[in-house]
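Asks: If you scroll down you'll find the structure; I have some questions about it.
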Amino acid sequence: MLLHCAHARYVWNLAVEQHSHWQKGRRSAPGFAEQCKQLTEARAASEWLRAGNVDVQQQALKDFAYAKQARFSAGFGEPTWRKKHKHEGFRVIGTDRVPACRDDGTPLLNGKGKQVMSRSVVVRKLNKHWAQVPGCGWVRFRLSRRQPPDAKTFRVTCHNGQWHVAFAVIPEPIEAPGNGETVGIDRGLTITAHLSDGRVLNCPQLTAKERARIRKHQRRAARAAKNSPAKQAEYAKVAQLRAREANRRKDWAEKTSTMLASEFDVIRFEKLNIRNMTRTARGTVAEPGRNVRAKAGLNRSILAQGWGMLRSRAEHKAPGRVEDVPAPYTSLRCSDCGWIEKNSRKSQAEFVCVSCGFTCNADLNASINVAAGHAGGTTTTPGRSPVREPQLASR
């Protein structure tokens with residue numbers, strides 16, 4: 001399987017190199033059909049490449065063609081170089097043929113009136129928990145769902161020594177409960193997600209013992225000889241612990257987004273630009289940044305909460321029912337009287353309105369404002385900042 005990963009990565013990188021030399025005025029870069037012909041010639045000339053699966057290698061070229069088209073349709077950048085130990089994976093297309101149907105269930109016919117056949121992955125269920133798929137030899141995998149998936153392709157990846165298989169299936173969205181309830185979610189560092197109904201949800205992190213183990217392995221790796229097996233082994237142990245943290249974060253985001261989509265009709269989040277919030281403060285050589293280490297620690301804390309993952313997964317499971325509320329002043333606005341004042345936020349967890357005396361948890365107050373769609377606005381003279389101290393009237 002590692003050899004299949006190497007073949008797919010090698011073919012992908014060759015395609016990247018071909019298109020990187022293209023310039024305006026030259027003939028167009030080779031497409032998928034022409035690259036498949038070149039792949040046939042390369043397999044005939046290379047014994048190492050010929051030892052691999054041709055379907056895996058052609059599918060890598062197909063993925064590259066999709067990535068080139070995604071620049072215009074999905075807004076992604078140019079396909080980049082794939083590295084060993086970092087981008088380990090390959091895609092396998094199904095070998096079974098099944099009749100293709102439209103969305104309404106009617107058969108799909110071609111121009112001559114014949115039935116169109118589509119591919120399907122053959123999944124052989126072994127028992128309640130295990131099944132196997134072909135394509136790179138019959139490979140056994142553990143079922144995470146009750147029924148084997150019905151997909152056209154699947155992708156095999158390896159992360160930190162752990163192999164995963166993912167089937168290309170678009171799940172059905174979760175139906176709205178129809179209770180008319182709206183929830184607002186305030187995301188933070190101390191509390192990952194504070195719901196407007198009072199519930200507090202925290203993304204699981206590494207335990208104190210696990211963090212101590214990471215520091216221990218990092219110290220050992222720093223003291224080991226350069227490029228030695230001992231250094232690589234210590235870094236591999238650190239990567240396993242980091243992968244465990246990422247798996248916990250993904251599991252929490254999946255379960256939380258499912259709960260939100262099944263219990264509420266409308267889900268409202270603060271509109272946060274996470275990419276700008278986690279931008280580095282390093283600066284340039286001419287203008288170096290300040291407090292770079294502190295900002296890097298803040299960025300790691302923000303990314304460890306899984307804010308963006310929770311928002312995207314909720315949108316996937318409840319399409320059309322997720323809304324974004326502008327973030328300014330949601331934590332400064334009183335959810336009881338609507339007065340906006342910066343002095344009302346006494347601390348990270350305490351909110352006391354200076355106008356009506358309403359007392360509440362600061363995160364809960366912000367989530368209530370998000371649920372109501374209240375953001376920005378002003379309670380003072382138009383044109384004046386709502387958080388500005390009162391000024392004497394000018395003569």
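By convention here, the chains of the structure tokens are called A, B, ... in the order presented, each chain's residues are numbered starting at 1, and ligands are numbered starting at 1 in the order presented.
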Write down as a list in words the residues belonging to stretch 186-334 of chain A that are assigned strand (DSSP E) by DSSP computed on the backbone.

Replies: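 The residues of stretch 186-334 of chain A classed as strand (DSSP E) are Asp186, Arg187, Ala193, His194, Leu195, Val200, Leu201, Val266, Ile267, Arg268, Phe269, Glu270, Lys271, Val322, Glu323, Asp324, Val325 and Pro326 of chain A.
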
Asks: Could you state the separation of atom CA of A:Arg215 and atom CA of A:Ala236 in Å, given to one decimal place?

Replies: 13.1 Å

Asks: With distances taken over only C-alpha atoms, which of A:Phe141, A:Pro148, A:Pro107, A:His4 is nearest to A:Val121?

Replies: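 That would be A:Pro148, the residue with the smallest distance to A:Val121.
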
Asks: Could you state the separation of atom CA of A:Glu78 and atom CA of A:Ser46 in Å, given to one decimal place?

Replies: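 Separation between atom CA of A:Glu78 and atom CA of A:Ser46: 28.1 Å.
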
Asks: With only C-alpha atoms as the counted atoms, please give the residues lying no more than 12 Å from A:Ala281, apart from itself and same-chain residues fewer than 6 positions off, as a PyMOL selection string.

Replies: chain A and resi 287-299

Asks: For A:Glu350, work out the shell of residues within 9 Å, counting only C-alpha atoms and skipping chain neighbours fewer than 3 positions away, then give it as a VMD selection string.

Replies: chain A and resid 344 to 347 359 to 363

Asks: Skipping near chain neighbours, those fewer than 5 positions away, what residues fall within 8 Å of stretch 244-260 of chain A using only C-alpha atoms, listed as a ChimeraX atom specification?

Replies: /A:174,203-206,267,304-306,309-311,313-314,317

Asks: Now that the selection is made, can you save its residues with N, CA and C atoms as an mmCIF file, in the first residue's frame?

Replies:
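Below you can see selection27.cif, which holds the result:
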```
data_model
loop_
_atom_site.group_PDB
_atom_site.id
_atom_site.type_symbol
_atom_site.label_atom_id
_atom_site.label_comp_id
_atom_site.auth_asym_id
_atom_site.auth_seq_id
_atom_site.Cartn_x
_atom_site.Cartn_y
_atom_site.Cartn_z
ATOM 1 N N ILE A 174 -29.580 16.299 7.684
ATOM 2 C CA ILE A 174 -30.469 16.009 8.815
ATOM 3 C C ILE A 174 -31.701 16.899 8.717
ATOM 4 N N CYS A 203 -14.430 21.618 23.602
ATOM 5 C CA CYS A 203 -13.713 20.683 22.750
ATOM 6 C C CYS A 203 -12.664 19.949 23.583
ATOM 7 N N PRO A 204 -12.598 18.635 23.526
ATOM 8 C CA PRO A 204 -11.620 17.896 24.350
ATOM 9 C C PRO A 204 -10.194 18.184 23.915
ATOM 10 N N GLN A 205 -9.322 18.332 24.889
ATOM 11 C CA GLN A 205 -7.908 18.601 24.648
ATOM 12 C C GLN A 205 -7.076 17.449 25.211
ATOM 13 N N LEU A 206 -5.784 17.538 25.032
ATOM 14 C CA LEU A 206 -4.886 16.557 25.625
ATOM 15 C C LEU A 206 -4.868 16.715 27.140
ATOM 16 N N ILE A 267 -29.592 27.744 13.212
ATOM 17 C CA ILE A 267 -28.341 27.742 13.975
ATOM 18 C C ILE A 267 -27.571 28.999 13.579
ATOM 19 N N ALA A 304 -6.945 24.909 18.137
ATOM 20 C CA ALA A 304 -7.245 23.688 18.891
ATOM 21 C C ALA A 304 -8.710 23.591 19.305
ATOM 22 N N GLN A 305 -9.477 24.696 19.212
ATOM 23 C CA GLN A 305 -10.878 24.671 19.604
ATOM 24 C C GLN A 305 -11.789 24.136 18.510
ATOM 25 N N GLY A 306 -11.320 24.117 17.259
ATOM 26 C CA GLY A 306 -12.141 23.585 16.175
ATOM 27 C C GLY A 306 -13.322 24.459 15.812
ATOM 28 N N MET A 309 -14.245 24.004 12.007
ATOM 29 C CA MET A 309 -14.756 22.665 11.734
ATOM 30 C C MET A 309 -16.195 22.523 12.204
ATOM 31 N N LEU A 310 -16.506 23.064 13.379
ATOM 32 C CA LEU A 310 -17.870 22.990 13.893
ATOM 33 C C LEU A 310 -18.825 23.745 12.976
ATOM 34 N N ARG A 311 -18.403 24.923 12.513
ATOM 35 C CA ARG A 311 -19.267 25.721 11.622
ATOM 36 C C ARG A 311 -19.485 25.023 10.289
ATOM 37 N N ARG A 313 -19.182 21.746 9.493
ATOM 38 C CA ARG A 313 -19.927 20.503 9.606
ATOM 39 C C ARG A 313 -21.410 20.764 9.906
ATOM 40 N N ALA A 314 -21.705 21.817 10.645
ATOM 41 C CA ALA A 314 -23.108 22.167 10.868
ATOM 42 C C ALA A 314 -23.775 22.605 9.568
ATOM 43 N N LYS A 317 -24.573 19.445 7.485
ATOM 44 C CA LYS A 317 -25.668 18.625 7.985
ATOM 45 C C LYS A 317 -26.997 19.363 8.028
#
```

Asks: Of the residues A:Ala100, A:Leu143, A:Ala225, A:Ala8, which is the one nearest to A:Ala60, using only C-alpha atoms?

Replies: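 Residue with the minimum atom-to-atom distance to A:Ala60: A:Ala8.
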